[in-house]
Amino acid sequence: MINSPTILVFDSGLGGLTVLREVVAARPDAHYVYVADDAFFPYGHHSEDEIIARVVPLMGELIGTHDPDLVVIACNTASTLVLSHLRAVYSVPFVGTVPAIKPACAQSKSRRVSVLGTKGTVKREYTRALIRDFAQGCEVTLVGSPELASLAERALGGDTISDGAILAELSPCFVGDPADAGARTDTVVLACTHYPLLLERLTRLAPWPVDWIDPAPAIARRVSDLLGPHIGGIVQSGAEMIFTSNRVHGLGAALTPFFGGRVPA
């Protein structure tokens, strides 16, 4: 445990837990600090300048307190806006989360791909540049969901969320002839880390089967590559959950699976 790396995972809320889960599985030798900026959630309700002004100094405070070896920005909105600013100011390595448009378009057979993200993510020039660069002839539908991230947070917290509420956010992703598999959406990019929290329900409610693209496994591989070889065994302690609002989360049992069985302090 002496040389175990510390990984700080940052998100606007609880969505980054889906990334944390994959990173912990890839690097069980690390200590983890998960920070949910719930005092500013949801980021989609703030301007780009407000998010930059919020996250850059906050990250400085977190780095000063926890001295991480690597930081994962487990939030599409923050990554597309703030990552370049963070890298310019701080020397710690950062791994971001961006819409997985390239792999989605590479694997689509019908050439119809939908990108399901927050309103901010789908309207951002960064996302549109990914489409220009990597669509590979695919027809890409951008779907800005106003409520799905909040619905996912509430569901993880134990609230009952109706199928209708989820389906209303999901339906615009499904484009084309429902009866013709070759002329309808066959791939949906989950461009918000909150959405895999609802993946089981998204799959069940989808009007036809599609491939769901979650960037978390690729992020975990990148983190492991940057950290280098494992230097110790599995670390059973060293899991910390922080809310910027300083609220007591009371989610111990729900959070433990994301931390690889550890109970976060």
# chains A, B, ... in the order shown; residues from 1 in each chain; ligands from 1

call {"tool": "select_by_dssp", "arguments": {"residues": "range 105-171 of chain A", "states": "helix (DSSP H, G or I)", "output": "count of residues only"}}
result
36

call {"tool": "residues_around", "arguments": {"residues": "range 65-74 of chain A", "least_positions_apart": "2", "cutoff": "7 Å", "atoms": "only C-alpha atoms", "output": "PyMOL selection string"}}
result
chain A and resi 5-11+16+19+61-63+76+79+92-97+193

call {"tool": "residues_around", "arguments": {"residues": "range 203-207 of chain A", "least_positions_apart": "3", "cutoff": "9 Å", "atoms": "only C-alpha atoms", "output": "short mmCIF file (atom, residue, chain, number, x, y, z; two decimals) with N, CA, C and O atoms, in the first residue's frame"}}
result
data_model
loop_
_atom_site.label_atom_id
_atom_site.label_comp_id
_atom_site.auth_asym_id
_atom_site.auth_seq_id
_atom_site.Cartn_x
_atom_site.Cartn_y
_atom_site.Cartn_z
N ASP A 163 -41.34 4.87 -16.27
CA ASP A 163 -40.86 4.53 -17.61
C ASP A 163 -41.16 5.66 -18.58
O ASP A 163 -40.35 5.96 -19.46
N ILE A 166 -38.53 8.43 -18.60
CA ILE A 166 -37.29 8.03 -19.28
C ILE A 166 -37.51 7.95 -20.78
O ILE A 166 -36.68 8.43 -21.58
N LEU A 167 -38.62 7.37 -21.19
CA LEU A 167 -38.88 7.19 -22.61
C LEU A 167 -39.01 8.53 -23.34
O LEU A 167 -38.59 8.66 -24.50
N LEU A 170 -35.62 9.53 -24.23
CA LEU A 170 -34.93 8.55 -25.07
C LEU A 170 -35.46 8.51 -26.51
O LEU A 170 -34.69 8.30 -27.45
N SER A 171 -36.74 8.71 -26.67
CA SER A 171 -37.40 8.47 -27.96
C SER A 171 -36.75 9.17 -29.15
O SER A 171 -36.65 8.58 -30.24
N PHE A 174 -34.27 7.44 -31.70
CA PHE A 174 -34.63 6.34 -32.59
C PHE A 174 -35.24 6.88 -33.87
O PHE A 174 -36.37 7.37 -33.89
N PRO A 178 -38.91 1.62 -38.37
CA PRO A 178 -38.83 0.62 -37.30
C PRO A 178 -38.80 -0.82 -37.83
O PRO A 178 -38.28 -1.71 -37.15
N LEU A 198 -28.77 4.14 -15.94
CA LEU A 198 -30.11 3.72 -16.34
C LEU A 198 -30.08 2.73 -17.48
O LEU A 198 -31.12 2.47 -18.11
N LEU A 199 -28.92 2.14 -17.78
CA LEU A 199 -28.77 1.37 -19.01
C LEU A 199 -29.76 0.21 -19.09
O LEU A 199 -30.31 -0.06 -20.17
N GLU A 200 -30.00 -0.46 -18.00
CA GLU A 200 -30.94 -1.58 -18.02
C GLU A 200 -32.33 -1.12 -18.47
O GLU A 200 -32.99 -1.77 -19.29
N VAL A 210 -30.50 -1.65 -30.01
CA VAL A 210 -29.37 -0.87 -30.50
C VAL A 210 -28.14 -1.21 -29.68
O VAL A 210 -28.24 -1.80 -28.60
N TRP A 212 -25.35 0.28 -27.34
CA TRP A 212 -25.15 1.46 -26.49
C TRP A 212 -23.66 1.62 -26.28
O TRP A 212 -22.97 0.70 -25.83
#

call {"tool": "residues_around", "arguments": {"residues": "Glu50 in chain A", "least_positions_apart": "6", "cutoff": "12 Å", "atoms": "only C-alpha atoms", "output": "VMD selection string"}}
result
chain A and resid 40 43 to 44 56 to 57 78 81 to 82

call {"tool": "atom_distance", "arguments": {"atom1": "CA of Gly13 in chain A", "atom2": "CA of Val35 in chain A"}}
result
8.0 Å

call {"tool": "residues_around", "arguments": {"residues": "Ser12 in chain A", "least_positions_apart": "5", "cutoff": "12 Å", "atoms": "only C-alpha atoms", "output": "JSON, numbers by chain"}}
result
{"A": [17, 34, 35, 36, 37, 38, 39, 40, 41, 42, 43, 44, 45, 46, 51, 54, 55, 58, 73, 74, 75, 76, 77, 78, 79, 149, 150, 153, 192, 193, 194, 242, 243, 244, 245]}

call {"tool": "residues_around", "arguments": {"residues": "range 114-125 of chain A", "least_positions_apart": "6", "cutoff": "7 Å", "atoms": "only C-alpha atoms", "output": "PyMOL selection string"}}
result
chain A and resi 44+76-77+140-146+173+185+187-192

call {"tool": "write_last_selection", "arguments": {"atoms": "N, CA and C atoms", "output": "short mmCIF file (atom, residue, chain, number, x, y, z; two decimals), in the first residue's frame"}}
result
data_model
loop_
_atom_site.label_atom_id
_atom_site.label_comp_id
_atom_site.auth_asym_id
_atom_site.auth_seq_id
_atom_site.Cartn_x
_atom_site.Cartn_y
_atom_site.Cartn_z
N GLY A 44 -25.54 21.73 -16.90
CA GLY A 44 -26.29 22.20 -18.06
C GLY A 44 -27.11 23.44 -17.81
N ASN A 76 -18.83 14.75 -19.47
CA ASN A 76 -18.66 15.25 -20.83
C ASN A 76 -18.67 16.77 -20.88
N THR A 77 -19.59 17.40 -20.17
CA THR A 77 -19.70 18.85 -20.20
C THR A 77 -18.41 19.50 -19.71
N VAL A 140 -25.68 11.28 -38.27
CA VAL A 140 -25.59 11.40 -36.81
C VAL A 140 -26.69 12.33 -36.31
N THR A 141 -27.52 11.81 -35.41
CA THR A 141 -28.58 12.60 -34.80
C THR A 141 -28.15 13.02 -33.40
N LEU A 142 -28.15 14.32 -33.15
CA LEU A 142 -27.81 14.84 -31.82
C LEU A 142 -29.08 15.03 -31.01
N VAL A 143 -29.12 14.42 -29.83
CA VAL A 143 -30.29 14.50 -28.97
C VAL A 143 -29.87 15.11 -27.64
N GLY A 144 -30.35 16.32 -27.38
CA GLY A 144 -30.06 16.99 -26.11
C GLY A 144 -31.16 16.72 -25.11
N SER A 145 -30.83 15.93 -24.10
CA SER A 145 -31.82 15.55 -23.09
C SER A 145 -31.80 16.55 -21.93
N PRO A 146 -32.92 17.19 -21.64
CA PRO A 146 -32.92 18.16 -20.54
C PRO A 146 -32.97 17.54 -19.15
N CYS A 173 -33.88 9.54 -30.02
CA CYS A 173 -32.69 8.85 -30.52
C CYS A 173 -33.03 7.84 -31.62
N THR A 185 -31.77 3.72 -36.74
CA THR A 185 -30.67 3.85 -35.78
C THR A 185 -30.28 2.49 -35.22
N THR A 187 -27.08 2.42 -33.31
CA THR A 187 -26.04 2.69 -32.30
C THR A 187 -26.37 4.00 -31.60
N VAL A 188 -26.33 3.99 -30.26
CA VAL A 188 -26.57 5.20 -29.48
C VAL A 188 -25.37 5.46 -28.58
N VAL A 189 -24.79 6.64 -28.74
CA VAL A 189 -23.68 7.06 -27.90
C VAL A 189 -24.23 7.66 -26.61
N LEU A 190 -23.82 7.14 -25.48
CA LEU A 190 -24.22 7.69 -24.19
C LEU A 190 -23.21 8.79 -23.84
N ALA A 191 -23.55 10.02 -24.21
CA ALA A 191 -22.62 11.15 -24.10
C ALA A 191 -22.81 11.91 -22.80
N CYS A 192 -23.22 11.21 -21.77
CA CYS A 192 -23.26 11.74 -20.41
C CYS A 192 -23.03 10.56 -19.49
#

call {"tool": "closest_residue", "arguments": {"among": "A:Val263, A:Ala183, A:Tyr90, A:Val235", "to": "His31 in chain A", "atoms": "only C-alpha atoms"}}
result
A:Val235

call {"tool": "select_by_dssp", "arguments": {"residues": "range 13-261 of chain A", "states": "strand (DSSP E)", "output": "compact mmCIF listing (two decimals) with all heavy atoms, in the first residue's frame"}}
result
# COMPACT_ATOMS: atom_id res chain seq x y z
N HIS A 31 -5.78 4.16 -4.65
CA HIS A 31 -6.71 4.81 -3.74
C HIS A 31 -7.60 5.74 -4.57
O HIS A 31 -7.13 6.33 -5.56
CB HIS A 31 -5.96 5.65 -2.70
CG HIS A 31 -5.14 4.84 -1.75
ND1 HIS A 31 -5.60 4.41 -0.54
CD2 HIS A 31 -3.87 4.36 -1.85
CE1 HIS A 31 -4.66 3.72 0.09
NE2 HIS A 31 -3.60 3.67 -0.70
N TYR A 32 -8.84 5.90 -4.15
CA TYR A 32 -9.79 6.68 -4.95
C TYR A 32 -10.46 7.77 -4.13
O TYR A 32 -10.88 7.55 -2.99
CB TYR A 32 -10.87 5.77 -5.55
CG TYR A 32 -10.30 4.92 -6.66
CD1 TYR A 32 -9.76 3.66 -6.39
CD2 TYR A 32 -10.23 5.40 -7.96
CE1 TYR A 32 -9.19 2.90 -7.40
CE2 TYR A 32 -9.67 4.64 -8.98
CZ TYR A 32 -9.15 3.40 -8.69
OH TYR A 32 -8.59 2.66 -9.69
N VAL A 33 -10.53 8.94 -4.74
CA VAL A 33 -11.30 10.06 -4.19
C VAL A 33 -12.30 10.47 -5.27
O VAL A 33 -11.92 10.85 -6.37
CB VAL A 33 -10.40 11.26 -3.85
CG1 VAL A 33 -11.25 12.41 -3.29
CG2 VAL A 33 -9.31 10.87 -2.86
N TYR A 34 -13.58 10.33 -4.95
CA TYR A 34 -14.63 10.72 -5.90
C TYR A 34 -15.24 12.03 -5.42
O TYR A 34 -15.69 12.13 -4.27
CB TYR A 34 -15.72 9.64 -5.99
CG TYR A 34 -16.77 9.95 -7.04
CD1 TYR A 34 -16.67 9.41 -8.31
CD2 TYR A 34 -17.84 10.80 -6.76
CE1 TYR A 34 -17.62 9.71 -9.29
CE2 TYR A 34 -18.78 11.10 -7.74
CZ TYR A 34 -18.66 10.55 -8.99
OH TYR A 34 -19.59 10.85 -9.95
N VAL A 35 -15.27 13.02 -6.30
CA VAL A 35 -15.81 14.33 -5.96
C VAL A 35 -17.02 14.62 -6.85
O VAL A 35 -16.91 14.65 -8.08
CB VAL A 35 -14.76 15.44 -6.14
CG1 VAL A 35 -15.37 16.80 -5.79
CG2 VAL A 35 -13.54 15.16 -5.28
N ALA A 36 -18.16 14.82 -6.23
CA ALA A 36 -19.39 15.21 -6.92
C ALA A 36 -19.65 16.68 -6.64
O ALA A 36 -19.86 17.07 -5.49
CB ALA A 36 -20.57 14.36 -6.44
N LEU A 70 -3.29 11.29 -10.62
CA LEU A 70 -4.02 11.44 -11.88
C LEU A 70 -5.44 11.87 -11.56
O LEU A 70 -6.00 11.47 -10.54
CB LEU A 70 -4.00 10.11 -12.64
CG LEU A 70 -4.65 10.05 -14.02
CD1 LEU A 70 -3.86 9.09 -14.93
CD2 LEU A 70 -6.10 9.60 -13.94
N VAL A 71 -6.02 12.69 -12.44
CA VAL A 71 -7.40 13.15 -12.28
C VAL A 71 -8.22 12.72 -13.49
O VAL A 71 -7.80 12.92 -14.64
CB VAL A 71 -7.47 14.68 -12.13
CG1 VAL A 71 -8.93 15.14 -12.05
CG2 VAL A 71 -6.71 15.15 -10.89
N VAL A 72 -9.37 12.12 -13.22
CA VAL A 72 -10.32 11.77 -14.28
C VAL A 72 -11.47 12.77 -14.23
O VAL A 72 -12.14 12.91 -13.20
CB VAL A 72 -10.87 10.35 -14.10
CG1 VAL A 72 -11.89 10.03 -15.21
CG2 VAL A 72 -9.75 9.33 -14.10
N ILE A 73 -11.68 13.49 -15.32
CA ILE A 73 -12.85 14.36 -15.43
C ILE A 73 -13.97 13.50 -16.04
O ILE A 73 -14.05 13.33 -17.26
CB ILE A 73 -12.57 15.60 -16.29
CG1 ILE A 73 -11.35 16.34 -15.76
CG2 ILE A 73 -13.79 16.52 -16.31
CD1 ILE A 73 -11.50 16.87 -14.35
N PHE A 94 -4.44 14.63 -16.64
CA PHE A 94 -5.90 14.60 -16.68
C PHE A 94 -6.37 13.66 -17.78
O PHE A 94 -5.81 13.66 -18.89
CB PHE A 94 -6.47 16.00 -16.97
CG PHE A 94 -6.34 16.97 -15.84
CD1 PHE A 94 -5.22 17.79 -15.74
CD2 PHE A 94 -7.32 17.07 -14.87
CE1 PHE A 94 -5.09 18.69 -14.69
CE2 PHE A 94 -7.20 17.97 -13.83
CZ PHE A 94 -6.09 18.78 -13.73
N VAL A 95 -7.40 12.89 -17.48
CA VAL A 95 -8.08 12.07 -18.49
C VAL A 95 -9.52 12.55 -18.56
O VAL A 95 -10.22 12.60 -17.54
CB VAL A 95 -8.04 10.57 -18.12
CG1 VAL A 95 -8.85 9.74 -19.13
CG2 VAL A 95 -6.60 10.07 -18.07
N ARG A 112 -26.55 4.85 -39.14
CA ARG A 112 -27.41 5.79 -38.43
C ARG A 112 -27.07 5.72 -36.94
O ARG A 112 -27.31 4.70 -36.30
CB ARG A 112 -28.89 5.50 -38.66
CG ARG A 112 -29.37 5.91 -40.05
CD ARG A 112 -30.77 5.39 -40.34
NE ARG A 112 -31.32 5.97 -41.57
CZ ARG A 112 -31.02 5.55 -42.79
NH1 ARG A 112 -30.17 4.54 -42.95
NH2 ARG A 112 -31.56 6.13 -43.85
N VAL A 113 -26.49 6.79 -36.44
CA VAL A 113 -26.01 6.85 -35.06
C VAL A 113 -26.66 8.03 -34.36
O VAL A 113 -26.81 9.11 -34.96
CB VAL A 113 -24.47 7.02 -35.04
CG1 VAL A 113 -23.96 7.28 -33.63
CG2 VAL A 113 -23.79 5.80 -35.65
N SER A 114 -27.06 7.85 -33.12
CA SER A 114 -27.57 8.95 -32.32
C SER A 114 -26.63 9.21 -31.15
O SER A 114 -26.04 8.28 -30.59
CB SER A 114 -28.98 8.64 -31.79
OG SER A 114 -29.93 8.65 -32.84
N VAL A 115 -26.48 10.49 -30.82
CA VAL A 115 -25.66 10.90 -29.68
C VAL A 115 -26.61 11.48 -28.64
O VAL A 115 -27.22 12.52 -28.85
CB VAL A 115 -24.62 11.95 -30.09
CG1 VAL A 115 -23.81 12.40 -28.87
CG2 VAL A 115 -23.70 11.39 -31.17
N LEU A 116 -26.74 10.78 -27.52
CA LEU A 116 -27.63 11.20 -26.44
C LEU A 116 -26.79 11.86 -25.35
O LEU A 116 -25.97 11.21 -24.70
CB LEU A 116 -28.38 9.99 -25.87
CG LEU A 116 -29.32 10.24 -24.69
CD1 LEU A 116 -30.45 11.19 -25.07
CD2 LEU A 116 -29.89 8.91 -24.17
N GLY A 117 -26.98 13.16 -25.19
CA GLY A 117 -26.20 13.90 -24.19
C GLY A 117 -27.04 14.99 -23.56
O GLY A 117 -28.23 15.11 -23.81
N THR A 118 -26.40 15.79 -22.73
CA THR A 118 -27.09 16.96 -22.20
C THR A 118 -27.23 17.99 -23.31
O THR A 118 -26.55 17.93 -24.34
CB THR A 118 -26.30 17.58 -21.04
OG1 THR A 118 -25.05 18.07 -21.54
CG2 THR A 118 -26.04 16.55 -19.93
N GLU A 139 -25.07 9.09 -40.71
CA GLU A 139 -26.05 10.12 -40.37
C GLU A 139 -26.12 10.17 -38.85
O GLU A 139 -26.55 9.21 -38.20
CB GLU A 139 -27.42 9.76 -40.95
CG GLU A 139 -28.54 10.70 -40.58
CD GLU A 139 -29.88 10.17 -41.07
OE1 GLU A 139 -30.01 9.90 -42.27
OE2 GLU A 139 -30.79 10.02 -40.24
N VAL A 140 -25.68 11.28 -38.27
CA VAL A 140 -25.59 11.40 -36.81
C VAL A 140 -26.69 12.33 -36.31
O VAL A 140 -26.78 13.49 -36.73
CB VAL A 140 -24.21 11.92 -36.37
CG1 VAL A 140 -24.15 12.05 -34.84
CG2 VAL A 140 -23.11 10.98 -36.86
N THR A 141 -27.52 11.81 -35.41
CA THR A 141 -28.58 12.60 -34.80
C THR A 141 -28.15 13.02 -33.40
O THR A 141 -27.83 12.17 -32.57
CB THR A 141 -29.88 11.76 -34.71
OG1 THR A 141 -30.28 11.36 -36.02
CG2 THR A 141 -31.00 12.57 -34.06
N LEU A 142 -28.15 14.32 -33.15
CA LEU A 142 -27.81 14.84 -31.82
C LEU A 142 -29.08 15.03 -31.01
O LEU A 142 -30.02 15.70 -31.45
CB LEU A 142 -27.08 16.18 -31.96
CG LEU A 142 -25.67 16.12 -32.53
CD1 LEU A 142 -25.15 17.53 -32.83
CD2 LEU A 142 -24.72 15.40 -31.59
N VAL A 143 -29.12 14.42 -29.83
CA VAL A 143 -30.29 14.50 -28.97
C VAL A 143 -29.87 15.11 -27.64
O VAL A 143 -29.12 14.51 -26.87
CB VAL A 143 -30.91 13.10 -28.74
CG1 VAL A 143 -32.12 13.20 -27.80
CG2 VAL A 143 -31.31 12.47 -30.06
N GLY A 144 -30.35 16.32 -27.38
CA GLY A 144 -30.06 16.99 -26.11
C GLY A 144 -31.16 16.72 -25.11
O GLY A 144 -32.27 17.21 -25.24
N SER A 145 -30.83 15.93 -24.10
CA SER A 145 -31.82 15.55 -23.09
C SER A 145 -31.80 16.55 -21.93
O SER A 145 -30.77 16.72 -21.28
CB SER A 145 -31.53 14.16 -22.55
OG SER A 145 -32.29 13.88 -21.41
N THR A 187 -27.08 2.42 -33.31
CA THR A 187 -26.04 2.69 -32.30
C THR A 187 -26.37 4.00 -31.60
O THR A 187 -26.67 5.00 -32.26
CB THR A 187 -24.66 2.80 -32.96
OG1 THR A 187 -24.42 1.62 -33.75
CG2 THR A 187 -23.56 2.94 -31.92
N VAL A 188 -26.33 3.99 -30.26
CA VAL A 188 -26.57 5.20 -29.48
C VAL A 188 -25.37 5.46 -28.58
O VAL A 188 -24.98 4.61 -27.78
CB VAL A 188 -27.85 5.09 -28.63
CG1 VAL A 188 -28.04 6.34 -27.76
CG2 VAL A 188 -29.08 4.88 -29.52
N VAL A 189 -24.79 6.64 -28.74
CA VAL A 189 -23.68 7.06 -27.90
C VAL A 189 -24.23 7.66 -26.61
O VAL A 189 -25.03 8.61 -26.65
CB VAL A 189 -22.82 8.11 -28.63
CG1 VAL A 189 -21.71 8.63 -27.71
CG2 VAL A 189 -22.24 7.54 -29.91
N LEU A 190 -23.82 7.14 -25.48
CA LEU A 190 -24.22 7.69 -24.19
C LEU A 190 -23.21 8.79 -23.84
O LEU A 190 -22.15 8.53 -23.27
CB LEU A 190 -24.25 6.59 -23.13
CG LEU A 190 -25.26 5.47 -23.40
CD1 LEU A 190 -25.13 4.37 -22.36
CD2 LEU A 190 -26.69 6.01 -23.44
N ASP A 211 -26.98 -0.85 -30.20
CA ASP A 211 -25.75 -0.93 -29.41
C ASP A 211 -25.59 0.38 -28.65
O ASP A 211 -25.67 1.47 -29.23
CB ASP A 211 -24.54 -1.15 -30.32
CG ASP A 211 -24.51 -2.53 -30.94
OD1 ASP A 211 -24.95 -3.48 -30.27
OD2 ASP A 211 -24.06 -2.66 -32.09
N TRP A 212 -25.35 0.28 -27.34
CA TRP A 212 -25.15 1.46 -26.49
C TRP A 212 -23.66 1.62 -26.28
O TRP A 212 -22.97 0.70 -25.83
CB TRP A 212 -25.86 1.27 -25.16
CG TRP A 212 -27.31 0.94 -25.28
CD1 TRP A 212 -27.87 -0.31 -25.33
CD2 TRP A 212 -28.40 1.87 -25.36
NE1 TRP A 212 -29.23 -0.21 -25.45
CE2 TRP A 212 -29.59 1.10 -25.47
CE3 TRP A 212 -28.48 3.26 -25.35
CZ2 TRP A 212 -30.85 1.69 -25.56
CZ3 TRP A 212 -29.74 3.85 -25.45
CH2 TRP A 212 -30.91 3.07 -25.55
N ILE A 213 -23.11 2.79 -26.59
CA ILE A 213 -21.68 3.02 -26.49
C ILE A 213 -21.38 3.83 -25.23
O ILE A 213 -21.73 5.01 -25.12
CB ILE A 213 -21.14 3.77 -27.73
CG1 ILE A 213 -21.53 3.03 -29.01
CG2 ILE A 213 -19.63 3.92 -27.63
CD1 ILE A 213 -20.97 1.63 -29.11
N ALA A 239 -10.99 4.69 -0.08
CA ALA A 239 -12.08 5.15 -0.92
C ALA A 239 -12.79 6.30 -0.21
O ALA A 239 -13.22 6.16 0.94
CB ALA A 239 -13.06 4.02 -1.20
N GLU A 240 -12.90 7.42 -0.91
CA GLU A 240 -13.48 8.61 -0.28
C GLU A 240 -14.51 9.23 -1.22
O GLU A 240 -14.27 9.35 -2.42
CB GLU A 240 -12.37 9.61 0.02
CG GLU A 240 -12.77 10.73 0.96
CD GLU A 240 -11.58 11.57 1.39
OE1 GLU A 240 -10.42 11.18 1.11
OE2 GLU A 240 -11.81 12.62 2.00
N MET A 241 -15.64 9.61 -0.68
CA MET A 241 -16.72 10.23 -1.45
C MET A 241 -16.95 11.63 -0.90
O MET A 241 -17.19 11.81 0.29
CB MET A 241 -18.01 9.40 -1.29
CG MET A 241 -19.19 9.95 -2.05
SD MET A 241 -19.14 9.44 -3.78
CE MET A 241 -20.50 10.42 -4.44
N ILE A 242 -16.85 12.64 -1.78
CA ILE A 242 -16.96 14.03 -1.35
C ILE A 242 -18.04 14.73 -2.17
O ILE A 242 -18.06 14.64 -3.40
CB ILE A 242 -15.62 14.77 -1.54
CG1 ILE A 242 -14.55 14.15 -0.64
CG2 ILE A 242 -15.77 16.26 -1.25
CD1 ILE A 242 -13.14 14.63 -0.95
N PHE A 243 -18.93 15.40 -1.48
CA PHE A 243 -19.91 16.28 -2.13
C PHE A 243 -19.51 17.72 -1.84
O PHE A 243 -19.26 18.09 -0.69
CB PHE A 243 -21.32 16.02 -1.59
CG PHE A 243 -21.92 14.72 -2.03
CD1 PHE A 243 -21.74 13.56 -1.29
CD2 PHE A 243 -22.67 14.64 -3.19
CE1 PHE A 243 -22.29 12.36 -1.68
CE2 PHE A 243 -23.22 13.45 -3.61
CZ PHE A 243 -23.04 12.30 -2.85

call {"tool": "residues_around", "arguments": {"residues": "Val223 in chain A", "least_positions_apart": "2", "cutoff": "8 Å", "atoms": "only C-alpha atoms", "output": "PyMOL selection string"}}
result
chain A and resi 23+70+72+95+219-221+225-227

call {"tool": "write_last_selection", "arguments": {"atoms": "N, CA, C and O atoms", "output": "PDB file, in the first residue's frame"}}
result
ATOM      1  N   VAL A  23     -12.702   2.141 -13.829  1.00  0.00           N
ATOM      2  CA  VAL A  23     -11.321   2.464 -13.465  1.00  0.00           C
ATOM      3  C   VAL A  23     -10.872   1.624 -12.275  1.00  0.00           C
ATOM      4  O   VAL A  23      -9.751   1.102 -12.247  1.00  0.00           O
ATOM      5  N   LEU A  70      -3.293  11.290 -10.622  1.00  0.00           N
ATOM      6  CA  LEU A  70      -4.019  11.440 -11.880  1.00  0.00           C
ATOM      7  C   LEU A  70      -5.439  11.869 -11.558  1.00  0.00           C
ATOM      8  O   LEU A  70      -6.004  11.471 -10.537  1.00  0.00           O
ATOM      9  N   VAL A  72      -9.371  12.121 -13.224  1.00  0.00           N
ATOM     10  CA  VAL A  72     -10.321  11.773 -14.283  1.00  0.00           C
ATOM     11  C   VAL A  72     -11.469  12.774 -14.233  1.00  0.00           C
ATOM     12  O   VAL A  72     -12.136  12.911 -13.196  1.00  0.00           O
ATOM     13  N   VAL A  95      -7.402  12.886 -17.483  1.00  0.00           N
ATOM     14  CA  VAL A  95      -8.080  12.066 -18.487  1.00  0.00           C
ATOM     15  C   VAL A  95      -9.521  12.550 -18.559  1.00  0.00           C
ATOM     16  O   VAL A  95     -10.219  12.604 -17.543  1.00  0.00           O
ATOM     17  N   ILE A 219     -11.880   4.837 -21.077  1.00  0.00           N
ATOM     18  CA  ILE A 219     -11.276   5.753 -20.113  1.00  0.00           C
ATOM     19  C   ILE A 219     -10.416   4.978 -19.122  1.00  0.00           C
ATOM     20  O   ILE A 219      -9.297   5.380 -18.790  1.00  0.00           O
ATOM     21  N   ALA A 220     -10.944   3.847 -18.665  1.00  0.00           N
ATOM     22  CA  ALA A 220     -10.189   3.027 -17.708  1.00  0.00           C
ATOM     23  C   ALA A 220      -8.882   2.532 -18.315  1.00  0.00           C
ATOM     24  O   ALA A 220      -7.842   2.514 -17.639  1.00  0.00           O
ATOM     25  N   ARG A 221      -8.918   2.150 -19.584  1.00  0.00           N
ATOM     26  CA  ARG A 221      -7.688   1.703 -20.240  1.00  0.00           C
ATOM     27  C   ARG A 221      -6.679   2.843 -20.328  1.00  0.00           C
ATOM     28  O   ARG A 221      -5.469   2.638 -20.111  1.00  0.00           O
ATOM     29  N   ASP A 225      -2.949   2.955 -18.611  1.00  0.00           N
ATOM     30  CA  ASP A 225      -1.755   3.188 -19.428  1.00  0.00           C
ATOM     31  C   ASP A 225      -0.910   4.330 -18.859  1.00  0.00           C
ATOM     32  O   ASP A 225       0.323   4.245 -18.806  1.00  0.00           O
ATOM     33  N   LEU A 226      -1.572   5.410 -18.453  1.00  0.00           N
ATOM     34  CA  LEU A 226      -0.848   6.564 -17.932  1.00  0.00           C
ATOM     35  C   LEU A 226      -0.181   6.261 -16.592  1.00  0.00           C
ATOM     36  O   LEU A 226       0.918   6.753 -16.307  1.00  0.00           O
ATOM     37  N   LEU A 227      -0.828   5.448 -15.765  1.00  0.00           N
ATOM     38  CA  LEU A 227      -0.256   5.115 -14.454  1.00  0.00           C
ATOM     39  C   LEU A 227       0.912   4.154 -14.580  1.00  0.00           C
ATOM     40  O   LEU A 227       1.802   4.127 -13.724  1.00  0.00           O
TER      41      LEU A 227
END

call {"tool": "closest_residue", "arguments": {"among": "A:Ala106, A:Ala88, A:Ala30, A:Ala53", "to": "Gly137 in chain A", "atoms": "only C-alpha atoms"}}
result
A:Ala106

call {"tool": "closest_residue", "arguments": {"among": "A:Glu48, A:Pro209, A:Gly15, A:Gly60", "to": "Leu151 in chain A", "atoms": "only C-alpha atoms"}}
result
A:Gly15

call {"tool": "closest_residue", "arguments": {"among": "A:Asp186, A:Met59, A:Gly157, A:Ile131", "to": "Leu255 in chain A", "atoms": "only C-alpha atoms"}}
result
A:Gly157

call {"tool": "closest_residue", "arguments": {"among": "A:Gly164, A:Leu148, A:Ser110, A:Pro99", "to": "Ala218 in chain A", "atoms": "only C-alpha atoms"}}
result
A:Pro99

call {"tool": "atom_distance", "arguments": {"atom1": "CA of Arg201 in chain A", "atom2": "CA of Phe134 in chain A"}}
result
28.8 Å

call {"tool": "atom_distance", "arguments": {"atom1": "CA of Ile52 in chain A", "atom2": "CA of Leu83 in chain A"}}
result
9.3 Å

call {"tool": "decode", "arguments": {"residues": "range 121-127 of chain A", "atoms": "N, CA and C atoms", "output": "short mmCIF file (atom, residue, chain, number, x, y, z; two decimals), in the first residue's frame"}}
result
data_model
loop_
_atom_site.label_atom_id
_atom_site.label_comp_id
_atom_site.auth_asym_id
_atom_site.auth_seq_id
_atom_site.Cartn_x
_atom_site.Cartn_y
_atom_site.Cartn_z
N THR A 121 -23.84 19.57 -24.05
CA THR A 121 -22.86 18.74 -24.76
C THR A 121 -23.18 18.66 -26.24
N VAL A 122 -24.45 18.47 -26.59
CA VAL A 122 -24.76 18.27 -28.01
C VAL A 122 -24.67 19.56 -28.82
N LYS A 123 -24.79 20.71 -28.17
CA LYS A 123 -24.70 21.96 -28.92
C LYS A 123 -23.26 22.48 -29.01
N ARG A 124 -22.35 21.85 -28.28
CA ARG A 124 -20.99 22.37 -28.19
C ARG A 124 -20.22 22.12 -29.48
N GLU A 125 -19.40 23.06 -29.86
CA GLU A 125 -18.60 22.95 -31.08
C GLU A 125 -17.68 21.74 -31.02
N TYR A 126 -17.20 21.39 -29.84
CA TYR A 126 -16.34 20.22 -29.68
C TYR A 126 -17.03 18.97 -30.21
N THR A 127 -18.30 18.81 -29.85
CA THR A 127 -19.06 17.63 -30.29
C THR A 127 -19.25 17.65 -31.80
#
